[in-house]
file input-v9.cif (mmCIF, C-alpha atoms)
data_input
loop_
_atom_site.label_atom_id
_atom_site.label_comp_id
_atom_site.auth_asym_id
_atom_site.auth_seq_id
_atom_site.Cartn_x
_atom_site.Cartn_y
_atom_site.Cartn_z
CA MET A 1 119.26 101.86 128.47
CA LYS A 2 117.41 100.46 125.48
CA TYR A 3 115.33 102.89 123.54
CA LYS A 4 111.92 101.87 122.30
CA VAL A 5 110.81 101.73 118.67
CA ILE A 6 107.16 101.01 117.95
CA VAL A 7 106.06 99.85 114.50
CA ILE A 8 102.36 100.27 113.77
CA GLY A 9 101.02 97.77 111.24
CA GLY A 10 101.73 94.06 110.76
CA GLY A 11 101.96 94.01 106.98
CA ALA A 12 104.88 93.75 104.56
CA ALA A 13 106.30 97.23 105.25
CA GLY A 14 105.82 96.94 109.01
CA PHE A 15 107.61 93.61 109.27
CA PHE A 16 110.43 94.69 106.99
CA GLY A 17 110.93 97.92 108.93
CA ALA A 18 110.84 96.17 112.31
CA ILE A 19 113.24 93.42 111.23
CA THR A 20 115.68 95.87 109.64
CA CYS A 21 115.69 98.10 112.73
CA ALA A 22 116.17 95.25 115.20
CA GLN A 23 118.90 93.69 113.08
CA ALA A 24 120.78 96.97 112.60
CA ASN A 25 120.62 97.82 116.29
CA PRO A 26 120.22 94.93 118.75
CA ASP A 27 120.02 97.48 121.57
CA ALA A 28 116.70 98.80 120.30
CA GLU A 29 113.51 97.40 121.82
CA VAL A 30 111.30 96.94 118.76
CA ILE A 31 107.59 96.35 119.25
CA LEU A 32 105.24 95.67 116.33
CA LEU A 33 101.54 96.37 116.84
CA GLU A 34 98.79 94.95 114.60
CA LYS A 35 95.18 96.00 115.26
CA THR A 36 93.68 92.77 113.88
CA ASN A 37 94.49 89.22 114.86
CA LYS A 38 95.96 88.51 111.41
CA LEU A 39 99.56 89.23 110.51
CA LEU A 40 100.74 89.73 106.92
CA SER A 41 97.19 89.24 105.59
CA LYS A 42 97.89 90.91 102.24
CA VAL A 43 101.06 88.87 101.78
CA LEU A 44 99.04 85.69 102.27
CA VAL A 45 96.29 86.48 99.74
CA SER A 46 98.31 88.28 97.05
CA GLY A 47 98.99 86.67 93.71
CA GLY A 48 96.22 84.14 94.23
CA GLY A 49 97.89 82.87 97.40
CA ARG A 50 101.34 82.65 95.78
CA CYS A 51 102.62 86.13 96.80
CA ASN A 52 104.03 88.21 93.95
CA VAL A 53 107.09 89.31 95.97
CA THR A 54 108.68 91.67 93.43
CA HIS A 55 109.38 92.14 89.72
CA ASN A 56 112.43 91.16 87.70
CA CYS A 57 113.40 94.76 86.99
CA PHE A 58 116.68 95.49 88.74
CA ALA A 59 117.57 98.98 87.43
CA PRO A 60 116.20 101.80 89.64
CA GLY A 61 115.10 104.00 86.73
CA PRO A 62 113.03 101.46 84.79
CA LEU A 63 111.68 99.99 88.04
CA SER A 64 110.43 103.40 89.23
CA GLN A 65 108.47 103.89 85.98
CA HIS A 66 105.91 101.34 87.15
CA TYR A 67 104.56 103.70 89.83
CA PRO A 68 101.81 106.16 88.86
CA ARG A 69 102.48 107.98 92.15
CA GLY A 70 105.91 108.20 93.82
CA ALA A 71 108.05 107.33 90.79
CA ARG A 72 110.52 110.21 91.16
CA GLN A 73 111.10 109.64 94.88
CA LEU A 74 111.35 105.86 94.53
CA LYS A 75 113.99 106.09 91.82
CA GLU A 76 116.47 107.27 94.45
CA ALA A 77 115.13 104.90 97.10
CA PHE A 78 115.62 101.89 94.81
CA LYS A 79 119.33 102.72 94.67
CA THR A 80 119.43 101.96 98.39
CA PHE A 81 117.23 98.85 98.29
CA GLY A 82 115.83 97.60 94.99
CA ALA A 83 114.32 94.46 93.53
CA GLN A 84 117.69 92.68 93.35
CA ASP A 85 118.20 93.39 97.06
CA THR A 86 114.78 91.89 97.80
CA VAL A 87 115.66 88.70 95.94
CA ALA A 88 118.98 88.47 97.81
CA TRP A 89 117.34 89.19 101.18
CA PHE A 90 114.90 86.30 100.88
CA GLU A 91 117.42 83.91 99.34
CA GLN A 92 119.84 84.56 102.22
CA ARG A 93 117.07 83.34 104.49
CA GLY A 94 116.41 80.18 102.52
CA VAL A 95 113.57 81.41 100.29
CA LYS A 96 114.38 81.22 96.60
CA LEU A 97 112.35 83.24 94.10
CA LYS A 98 111.58 82.44 90.47
CA THR A 99 110.75 84.73 87.55
CA GLU A 100 107.72 84.10 85.35
CA ALA A 101 107.41 85.04 81.68
CA ASP A 102 105.83 88.42 82.45
CA GLY A 103 108.58 89.38 84.94
CA ARG A 104 106.64 88.69 88.13
CA MET A 105 108.63 86.96 90.85
CA PHE A 106 107.22 84.35 93.23
CA PRO A 107 108.67 81.94 95.78
CA VAL A 108 109.59 78.65 94.09
CA THR A 109 107.09 76.98 96.44
CA ASP A 110 104.24 78.95 94.80
CA ASN A 111 102.93 79.42 98.33
CA SER A 112 102.62 82.81 100.04
CA GLN A 113 102.89 81.10 103.42
CA THR A 114 106.59 80.63 102.61
CA ILE A 115 107.08 84.41 102.56
CA ALA A 116 104.97 85.00 105.67
CA ASP A 117 106.81 82.28 107.60
CA CYS A 118 110.18 83.74 106.58
CA LEU A 119 109.21 87.20 107.84
CA LEU A 120 107.73 85.87 111.09
CA GLN A 121 110.72 83.67 111.76
CA GLU A 122 113.18 86.49 111.05
CA ALA A 123 111.24 88.94 113.25
CA ARG A 124 111.38 86.51 116.17
CA ARG A 125 115.05 85.71 115.52
CA VAL A 126 116.11 89.38 115.78
CA GLY A 127 113.94 89.97 118.83
CA VAL A 128 110.93 91.91 117.52
CA SER A 129 108.06 91.77 120.01
CA ILE A 130 104.77 91.22 118.13
CA LYS A 131 101.43 92.19 119.64
CA THR A 132 98.16 91.51 117.77
CA GLY A 133 94.65 92.79 118.46
CA LEU A 134 96.12 96.14 119.47
CA GLY A 135 95.46 99.21 117.37
CA VAL A 136 96.67 102.79 117.77
CA THR A 137 93.94 105.42 117.90
CA ASN A 138 96.08 108.51 118.46
CA ILE A 139 99.71 109.64 118.59
CA ILE A 140 100.89 112.55 120.68
CA ALA A 141 104.23 113.79 119.41
CA PRO A 142 107.04 114.86 121.81
CA ASP A 143 106.69 118.41 123.12
CA PRO A 144 109.72 119.80 124.98
CA THR A 145 107.72 122.78 126.22
CA ILE A 146 105.89 120.46 128.62
CA ASP A 147 108.89 118.14 129.10
CA GLN A 148 107.33 115.35 127.01
CA ARG A 149 110.30 113.70 125.31
CA GLN A 150 108.65 110.57 123.93
CA PHE A 151 105.75 109.75 121.64
CA ILE A 152 102.60 108.75 123.51
CA LEU A 153 100.50 106.17 121.69
CA LYS A 154 96.86 105.81 122.71
CA LEU A 155 95.79 102.21 122.15
CA SER A 156 92.46 100.64 121.23
CA ASN A 157 92.23 98.88 124.61
CA GLY A 158 92.41 102.20 126.44
CA SER A 159 96.03 101.90 127.53
CA GLU A 160 99.08 103.93 126.47
CA LEU A 161 102.56 103.13 125.21
CA LYS A 162 105.56 105.43 125.10
CA ALA A 163 108.17 105.29 122.36
CA ASP A 164 111.35 107.09 121.39
CA LYS A 165 110.74 106.41 117.71
CA VAL A 166 107.66 105.37 115.72
CA LEU A 167 107.16 103.79 112.30
CA ILE A 168 103.68 104.00 110.77
CA CYS A 169 102.87 101.22 108.27
CA THR A 170 99.09 101.08 108.45
CA GLY A 171 98.56 100.63 104.70
CA GLY A 172 96.16 102.36 102.38
CA ASN A 173 92.64 103.21 103.48
CA PRO A 174 89.69 103.56 101.09
CA LYS A 175 88.03 106.14 103.35
CA THR A 176 89.47 109.58 103.98
CA THR A 177 88.41 109.32 107.64
CA GLY A 178 90.93 106.50 107.99
CA TYR A 179 93.66 109.15 107.86
CA ASP A 180 92.15 111.52 110.44
CA TRP A 181 94.49 110.39 113.24
CA LEU A 182 97.45 111.20 110.97
CA ARG A 183 95.99 114.56 109.98
CA GLU A 184 96.05 115.41 113.69
CA LEU A 185 99.85 115.20 113.48
CA GLY A 186 99.71 117.98 110.90
CA HIS A 187 100.55 115.74 107.94
CA PRO A 188 98.78 116.68 104.71
CA ILE A 189 96.92 113.79 103.09
CA GLN A 190 96.37 113.13 99.41
CA GLU A 191 92.72 112.06 99.30
CA PRO A 192 92.37 108.29 98.83
CA VAL A 193 90.74 106.90 95.71
CA PRO A 194 90.79 103.29 94.47
CA SER A 195 93.53 102.04 92.19
CA LEU A 196 93.73 98.66 90.41
CA PHE A 197 90.13 97.92 89.48
CA THR A 198 88.24 96.35 86.63
CA PHE A 199 85.79 98.08 84.27
CA ASN A 200 82.06 97.44 84.60
CA VAL A 201 80.28 97.52 81.24
CA PRO A 202 76.54 96.88 81.75
CA GLY A 203 75.85 96.94 77.99
CA ASN A 204 78.92 94.89 77.07
CA PRO A 205 78.50 93.69 73.47
CA LEU A 206 80.74 90.70 74.29
CA LYS A 207 79.02 89.68 77.53
CA GLU A 208 78.42 86.13 76.28
CA LEU A 209 82.19 85.65 75.92
CA MET A 210 82.88 85.59 79.66
CA GLY A 211 86.25 83.95 80.29
CA VAL A 212 87.69 84.64 76.83
CA SER A 213 91.07 86.38 76.94
CA VAL A 214 93.64 87.69 74.49
CA PRO A 215 97.36 87.89 75.34
CA HIS A 216 97.86 91.32 73.80
CA ALA A 217 95.34 94.15 73.42
CA ARG A 218 95.43 97.91 73.81
CA VAL A 219 92.83 99.78 75.85
CA ARG A 220 92.53 103.53 75.32
CA ILE A 221 90.24 106.03 77.03
CA ALA A 222 88.32 108.29 74.65
CA GLY A 223 89.22 111.95 75.11
CA GLN A 224 92.20 111.16 77.35
CA LYS A 225 95.90 110.46 76.85
CA LEU A 226 95.45 107.22 78.71
CA GLU A 227 96.17 103.82 77.21
CA TYR A 228 97.79 100.54 78.14
CA GLU A 229 98.72 97.31 76.38
CA GLY A 230 98.68 93.81 77.80
CA PRO A 231 96.52 90.73 78.37
CA LEU A 232 92.78 91.45 78.38
CA LEU A 233 90.05 89.31 79.92
CA ILE A 234 86.32 89.49 79.17
CA THR A 235 84.25 88.97 82.33
CA HIS A 236 80.53 88.69 83.02
CA TRP A 237 80.58 92.29 84.32
CA GLY A 238 82.94 93.87 81.77
CA TYR A 239 86.70 93.80 81.26
CA SER A 240 89.67 92.83 83.40
CA GLY A 241 93.22 91.54 83.02
CA PRO A 242 96.54 93.40 83.32
CA ALA A 243 95.74 95.88 80.50
CA VAL A 244 92.69 97.17 82.40
CA LEU A 245 94.12 96.92 85.92
CA LYS A 246 97.29 98.81 85.01
CA LEU A 247 95.33 101.43 83.09
CA SER A 248 93.10 101.91 86.14
CA ALA A 249 96.18 102.70 88.25
CA TRP A 250 97.50 105.34 85.85
CA GLY A 251 94.05 106.91 85.52
CA ALA A 252 92.91 106.44 89.14
CA ARG A 253 92.22 110.11 89.88
CA ILE A 254 90.81 110.86 86.40
CA PHE A 255 88.39 107.92 86.58
CA HIS A 256 87.36 108.94 90.08
CA ASP A 257 86.64 112.49 88.90
CA GLN A 258 84.57 111.06 86.04
CA GLN A 259 82.61 108.93 88.53
CA TYR A 260 83.81 105.84 86.66
CA THR A 261 81.70 106.69 83.63
CA PHE A 262 83.64 106.94 80.37
CA THR A 263 84.18 105.28 76.99
CA ALA A 264 87.02 102.80 76.52
CA LEU A 265 88.28 101.87 73.06
CA VAL A 266 89.59 98.33 72.72
CA ASN A 267 92.18 97.52 70.07
CA TRP A 268 92.34 93.75 69.59
CA VAL A 269 95.22 93.93 67.08
CA PRO A 270 97.65 96.59 68.43
CA ALA A 271 100.45 95.38 66.15
CA PHE A 272 98.59 96.92 63.20
CA THR A 273 97.96 100.49 62.10
CA GLU A 274 94.71 101.14 60.27
CA GLU A 275 96.59 101.22 56.98
CA SER A 276 98.50 97.98 57.56
CA LEU A 277 95.33 96.27 58.80
CA ARG A 278 93.42 97.20 55.64
CA VAL A 279 96.30 95.94 53.50
CA HIS A 280 96.37 92.67 55.45
CA LEU A 281 92.60 92.15 55.08
CA GLN A 282 92.75 92.92 51.36
CA ASP A 283 95.61 90.44 50.87
CA TYR A 284 93.68 87.78 52.79
CA ARG A 285 90.58 88.45 50.71
CA GLN A 286 92.55 87.90 47.50
CA THR A 287 94.32 84.74 48.63
CA HIS A 288 91.30 83.17 50.42
CA PRO A 289 88.25 84.46 48.50
CA LYS A 290 86.08 81.39 49.21
CA LYS A 291 86.63 81.23 52.96
CA VAL A 292 83.70 82.18 55.15
CA VAL A 293 84.62 85.34 57.08
CA ALA A 294 82.89 84.55 60.38
CA THR A 295 84.22 81.02 60.82
CA ASN A 296 87.89 81.60 59.97
CA PRO A 297 89.47 83.76 62.68
CA LEU A 298 92.48 85.92 61.88
CA PHE A 299 95.32 87.40 64.00
CA GLY A 300 95.28 84.46 66.41
CA LEU A 301 92.05 85.75 68.01
CA PRO A 302 89.84 83.17 69.74
CA GLN A 303 87.12 81.73 67.49
CA ARG A 304 84.26 83.04 69.65
CA LEU A 305 85.74 86.54 69.85
CA TRP A 306 86.34 86.72 66.10
CA LYS A 307 82.77 85.60 65.41
CA ALA A 308 81.42 88.24 67.81
CA LEU A 309 83.51 90.97 66.16
CA THR A 310 82.24 89.98 62.70
CA SER A 311 78.72 90.12 64.11
CA LEU A 312 79.40 93.66 65.39
CA ALA A 313 80.53 94.48 61.85
CA GLU A 314 77.12 93.20 60.65
CA ILE A 315 78.76 90.50 58.56
CA GLN A 316 76.34 87.72 57.68
CA ALA A 317 77.24 84.31 59.11
CA ASP A 318 77.74 82.61 55.72
CA ILE A 319 79.31 85.41 53.66
CA LYS A 320 82.66 84.69 51.97
CA TRP A 321 85.61 87.09 51.75
CA ALA A 322 85.09 87.60 48.01
CA GLU A 323 81.52 88.76 48.68
CA LEU A 324 82.26 91.06 51.64
CA PRO A 325 80.99 94.61 50.96
CA ALA A 326 83.33 97.55 51.63
CA ARG A 327 80.88 98.90 54.24
CA ASN A 328 81.25 95.75 56.35
CA THR A 329 85.03 95.72 55.89
CA ASN A 330 85.10 99.24 57.32
CA LYS A 331 82.98 98.12 60.27
CA LEU A 332 85.28 95.15 60.87
CA VAL A 333 88.33 97.45 60.89
CA GLU A 334 86.53 99.64 63.42
CA ALA A 335 85.64 96.66 65.63
CA LEU A 336 89.21 95.37 65.57
CA LEU A 337 90.96 98.70 66.21
CA ARG A 338 88.43 100.79 68.15
CA MET A 339 85.67 98.72 69.69
CA ALA A 340 83.86 101.23 71.90
CA VAL A 341 82.57 100.10 75.29
CA ASP A 342 80.70 102.34 77.71
CA VAL A 343 82.17 101.89 81.18
CA LYS A 344 79.80 102.57 84.07
CA GLY A 345 81.38 101.67 87.36
CA LYS A 346 84.22 99.53 88.64
CA THR A 347 84.83 96.33 90.55
CA THR A 348 87.66 96.09 93.05
CA PHE A 349 89.02 92.75 94.15
CA LYS A 350 89.10 93.14 97.93
CA GLU A 351 92.27 91.12 98.47
CA GLU A 352 94.14 93.04 95.76
CA PHE A 353 92.91 96.46 96.86
CA VAL A 354 95.39 99.28 96.41
CA THR A 355 94.77 102.89 97.33
CA CYS A 356 95.94 105.90 95.42
CA GLY A 357 96.53 108.58 98.07
CA GLY A 358 97.89 108.79 101.60
CA ILE A 359 100.65 110.74 103.36
CA ASP A 360 101.82 113.56 101.07
CA LEU A 361 105.42 112.82 100.09
CA SER A 362 106.42 116.50 100.28
CA GLN A 363 106.52 116.20 104.08
CA VAL A 364 108.57 112.99 104.15
CA ASN A 365 112.36 112.78 103.77
CA MET A 366 112.55 109.87 101.32
CA LYS A 367 116.23 109.27 102.17
CA THR A 368 115.22 108.25 105.69
CA MET A 369 111.38 107.96 105.44
CA GLU A 370 111.28 110.40 108.36
CA SER A 371 108.57 112.99 108.83
CA ARG A 372 109.69 116.56 108.14
CA LEU A 373 107.22 117.70 110.82
CA HIS A 374 108.08 115.31 113.64
CA PRO A 375 111.64 113.99 114.13
CA ASN A 376 111.88 110.26 114.90
CA LEU A 377 108.54 109.54 113.21
CA CYS A 378 108.76 107.48 109.98
CA PHE A 379 106.35 106.12 107.39
CA ALA A 380 106.57 103.12 105.05
CA GLY A 381 104.36 101.20 102.64
CA GLU A 382 100.95 102.08 101.27
CA VAL A 383 100.15 104.63 103.97
CA LEU A 384 102.30 106.90 101.79
CA ASP A 385 100.99 108.41 98.57
CA ILE A 386 102.82 105.71 96.60
CA ASP A 387 101.24 103.01 94.50
CA GLY A 388 102.35 100.77 91.68
CA ILE A 389 100.69 98.81 88.93
CA THR A 390 100.19 95.05 89.27
CA GLY A 391 103.21 92.82 89.01
CA GLY A 392 104.90 92.88 92.44
CA PHE A 393 105.58 96.61 92.42
CA ASN A 394 103.51 97.50 95.49
CA PHE A 395 105.32 94.89 97.58
CA GLN A 396 108.66 96.18 96.30
CA ALA A 397 107.73 99.70 97.46
CA ALA A 398 106.87 98.20 100.87
CA TRP A 399 110.20 96.34 101.15
CA THR A 400 112.16 99.41 100.03
CA THR A 401 110.48 102.01 102.24
CA GLY A 402 110.39 99.57 105.17
CA PHE A 403 114.11 98.87 104.82
CA ILE A 404 115.05 102.57 104.63
CA ALA A 405 112.80 103.43 107.58
CA GLY A 406 114.20 100.53 109.60
CA LYS A 407 117.76 101.71 109.05
CA SER A 408 116.75 105.23 110.04
CA LEU A 409 115.01 104.04 113.21
CA ALA A 410 118.04 101.94 114.18
CA SER A 411 120.12 105.06 114.74
CA LYS A 412 120.73 105.64 118.44
CA THR A 413 120.42 109.35 117.91
CA ILE A 414 117.15 110.80 119.17
CA THR A 415 116.59 114.01 117.24
CA ALA A 416 115.22 116.80 119.41
CA PRO A 417 111.90 118.25 118.13
#

call {"tool": "encode", "arguments": {"input": "input-v9.cif", "output": "structure tokens"}}
result
Amino acid sequence: MKYKVIVIGGGAAGFFGAITCAQANPDAEVILLEKTNKLLSKVLVSGGGRCNVTHNCFAPGPLSQHYPRGARQLKEAFKTFGAQDTVAWFEQRGVKLKTEADGRMFPVTDNSQTIADCLLQEARRVGVSIKTGLGVTNIIAPDPTIDQRQFILKLSNGSELKADKVLICTGGNPKTTGYDWLRELGHPIQEPVPSLFTFNVPGNPLKELMGVSVPHARVRIAGQKLEYEGPLLITHWGYSGPAVLKLSAWGARIFHDQQYTFTALVNWVPAFTEESLRVHLQDYRQTHPKKVVATNPLFGLPQRLWKALTSLAEIQADIKWAELPARNTNKLVEALLRMAVDVKGKTTFKEEFVTCGGIDLSQVNMKTMESRLHPNLCFAGEVLDIDGITGGFNFQAAWTTGFIAGKSLASKTITAP
């Protein structure tokens, strides 16, 4: 007799878990349930519709360091299925990936539909039964005291399904109430807060520079040991780009506790210390005394940005380097190294939304992704308290945890509760 495995959630982790289980054990009846009518919706919209599948970081240790939450547990998990395994998995199924300059990996087609089609095709090939428009509202775990040996799943259409094993891949949820049905199983939940968001700066001194970006800046949070370097983008509402998004992930809980009101210090020239910057400016002053400060940008900074920074330093538009007072030089150093911006609020891109929080990892066996409270119940993907910075890391966590859970579910052994 076939035993039944039900996978809840039609995203990256759900598909990978279902495919892995069905492939590892053809005798298992694997059913994937998705509450909406859209499968793999996050896969389709991620990376601007190109799907940032993973990151070119193949060593488990360094790869795990890109996860503000779950790093220690994932380090071991990546030894079982890491980024290199992801690349091989897709290539074996005819989907080649390419690496971009920043390490992100995309399908060579630059089309996320390629990834979605591969997963759908593979799921059908190995016999996964896919049902859309069918959500799970409640799970009743096996209870031998009343001779209930299977999971009972209450469905959104009022019907029930029974399963020998269950994999939950319902993703992150911005509202704590979204985890209530899992709390009923006794699983502790780390409260969800947003991760990966941009900084709103209502009084942004550079507001007129919307669209200007620099390839390398450092953003530090005043009064905190939080900083990150990377590309920075000025927007009409504040600041974005990888430097801000990645910083928001590392500081997700701190920023939430501060109600997204804090001071960020922007360093436009992170290659310099204050001392080396002053020396550089002094040397430039001596070699180019007749050049107008405001119209001759230094450090490869965009013309408009440089002009705005000199304006912040109260440098007159026509003043030459030879005439620049020490007071204004000091202000320019400050603007370049520590431009203070008052952050008041955040903006989250809906399609890129990532949640910090979810199923507490202490009650999950990360070697199998199985619940420590309910045998034969597994978790994978963002429903767990695991999240990575931008760059393909959240998808890699989904592939890894989905693969491990799928292997675990494929075992014919039904563990007694």

call {"tool": "resolve_selection", "arguments": {"input": "input-v9.cif", "expression": "the PyMOL selection byres ((chain A and resi 311) around 12)", "output": "PyMOL selection string"}}
result
chain A and resi 205-206+293-295+304-310+312-319+328-329+331-332+335-336

call {"tool": "resolve_selection", "arguments": {"input": "input-v9.cif", "expression": "the PyMOL selection byres ((chain A and resi 407) around 9)", "output": "MDAnalysis selection string"}}
result
chainID A and resid 17 20:21 24:25 368 402:406 408:411

call {"tool": "write_last_selection", "arguments": {"input": "input-v9.cif", "atoms": "C-alpha atoms", "output": "compact mmCIF listing (two decimals), in the frame of the given file"}}
result
# COMPACT_ATOMS: atom_id res chain seq x y z
CA GLY A 17 110.93 97.92 108.93
CA THR A 20 115.68 95.87 109.64
CA CYS A 21 115.69 98.10 112.73
CA ALA A 24 120.78 96.97 112.60
CA ASN A 25 120.62 97.82 116.29
CA THR A 368 115.22 108.25 105.69
CA GLY A 402 110.39 99.57 105.17
CA PHE A 403 114.11 98.87 104.82
CA ILE A 404 115.05 102.57 104.63
CA ALA A 405 112.80 103.43 107.58
CA GLY A 406 114.20 100.53 109.60
CA SER A 408 116.75 105.23 110.04
CA LEU A 409 115.01 104.04 113.21
CA ALA A 410 118.04 101.94 114.18
CA SER A 411 120.12 105.06 114.74

call {"tool": "atom_distance", "arguments": {"input": "input-v9.cif", "atom1": "CA of Gln190 (chain A)", "atom2": "CA of Ile359 (chain A)"}}
result
6.3 Å

call {"tool": "resolve_selection", "arguments": {"input": "input-v9.cif", "expression": "the PyMOL selection byres ((chain A and resi 57-70) around 9)", "output": "ChimeraX atom specification"}}
result
/A:54-56,71-79,82-85,103,249-252,356-357,361,384-390,393-394

call {"tool": "closest_residue", "arguments": {"input": "input-v9.cif", "among": "A:His288, A:Arg220, A:Lys207, A:Lys412", "to": "Gly238 (chain A)", "atoms": "all atoms listed in the file"}}
result
A:Lys207

call {"tool": "atom_distance", "arguments": {"input": "input-v9.cif", "atom1": "CA of Arg372 (chain A)", "atom2": "CA of Ile152 (chain A)"}}
result
18.6 Å

call {"tool": "residues_around", "arguments": {"input": "input-v9.cif", "residues": "Asp117 (chain A)", "least_positions_apart": "2", "cutoff": "12 Å", "atoms": "all atoms listed in the file", "output": "PyMOL selection string"}}
result
chain A and resi 15+39-40+43-44+90+93-95+107+111-115+119-125

call {"tool": "residues_around", "arguments": {"input": "input-v9.cif", "residues": "Thr235 (chain A)", "least_positions_apart": "6", "cutoff": "8 Å", "atoms": "all atoms listed in the file", "output": "PDB file with C-alpha atoms, keeping the file's coordinate frame"}}
result
ATOM      1  CA  LYS A 207      79.020  89.680  77.530  1.00  0.00           C
ATOM      2  CA  LEU A 209      82.190  85.650  75.920  1.00  0.00           C
ATOM      3  CA  MET A 210      82.880  85.590  79.660  1.00  0.00           C
ATOM      4  CA  GLY A 211      86.250  83.950  80.290  1.00  0.00           C
ATOM      5  CA  VAL A 212      87.690  84.640  76.830  1.00  0.00           C
TER       6      VAL A 212
END

call {"tool": "atom_distance", "arguments": {"input": "input-v9.cif", "atom1": "CA of Arg218 (chain A)", "atom2": "CA of Thr347 (chain A)"}}
result
19.9 Å

call {"tool": "closest_residue", "arguments": {"input": "input-v9.cif", "among": "A:Val201, A:Val87, A:Leu377, A:Leu97", "to": "Lys346 (chain A)", "atoms": "all atoms listed in the file"}}
result
A:Val201

call {"tool": "closest_residue", "arguments": {"input": "input-v9.cif", "among": "A:Gly300, A:Gly10, A:Pro375, A:Gly47", "to": "Ser129 (chain A)", "atoms": "all atoms listed in the file"}}
result
A:Gly10

call {"tool": "closest_residue", "arguments": {"input": "input-v9.cif", "among": "A:Leu134, A:Ile6, A:Val383, A:Met105", "to": "Met369 (chain A)", "atoms": "only C-alpha atoms"}}
result
A:Val383

call {"tool": "closest_residue", "arguments": {"input": "input-v9.cif", "among": "A:Lys165, A:His187, A:Lys38, A:Lys2", "to": "Val364 (chain A)", "atoms": "all atoms listed in the file"}}
result
A:His187
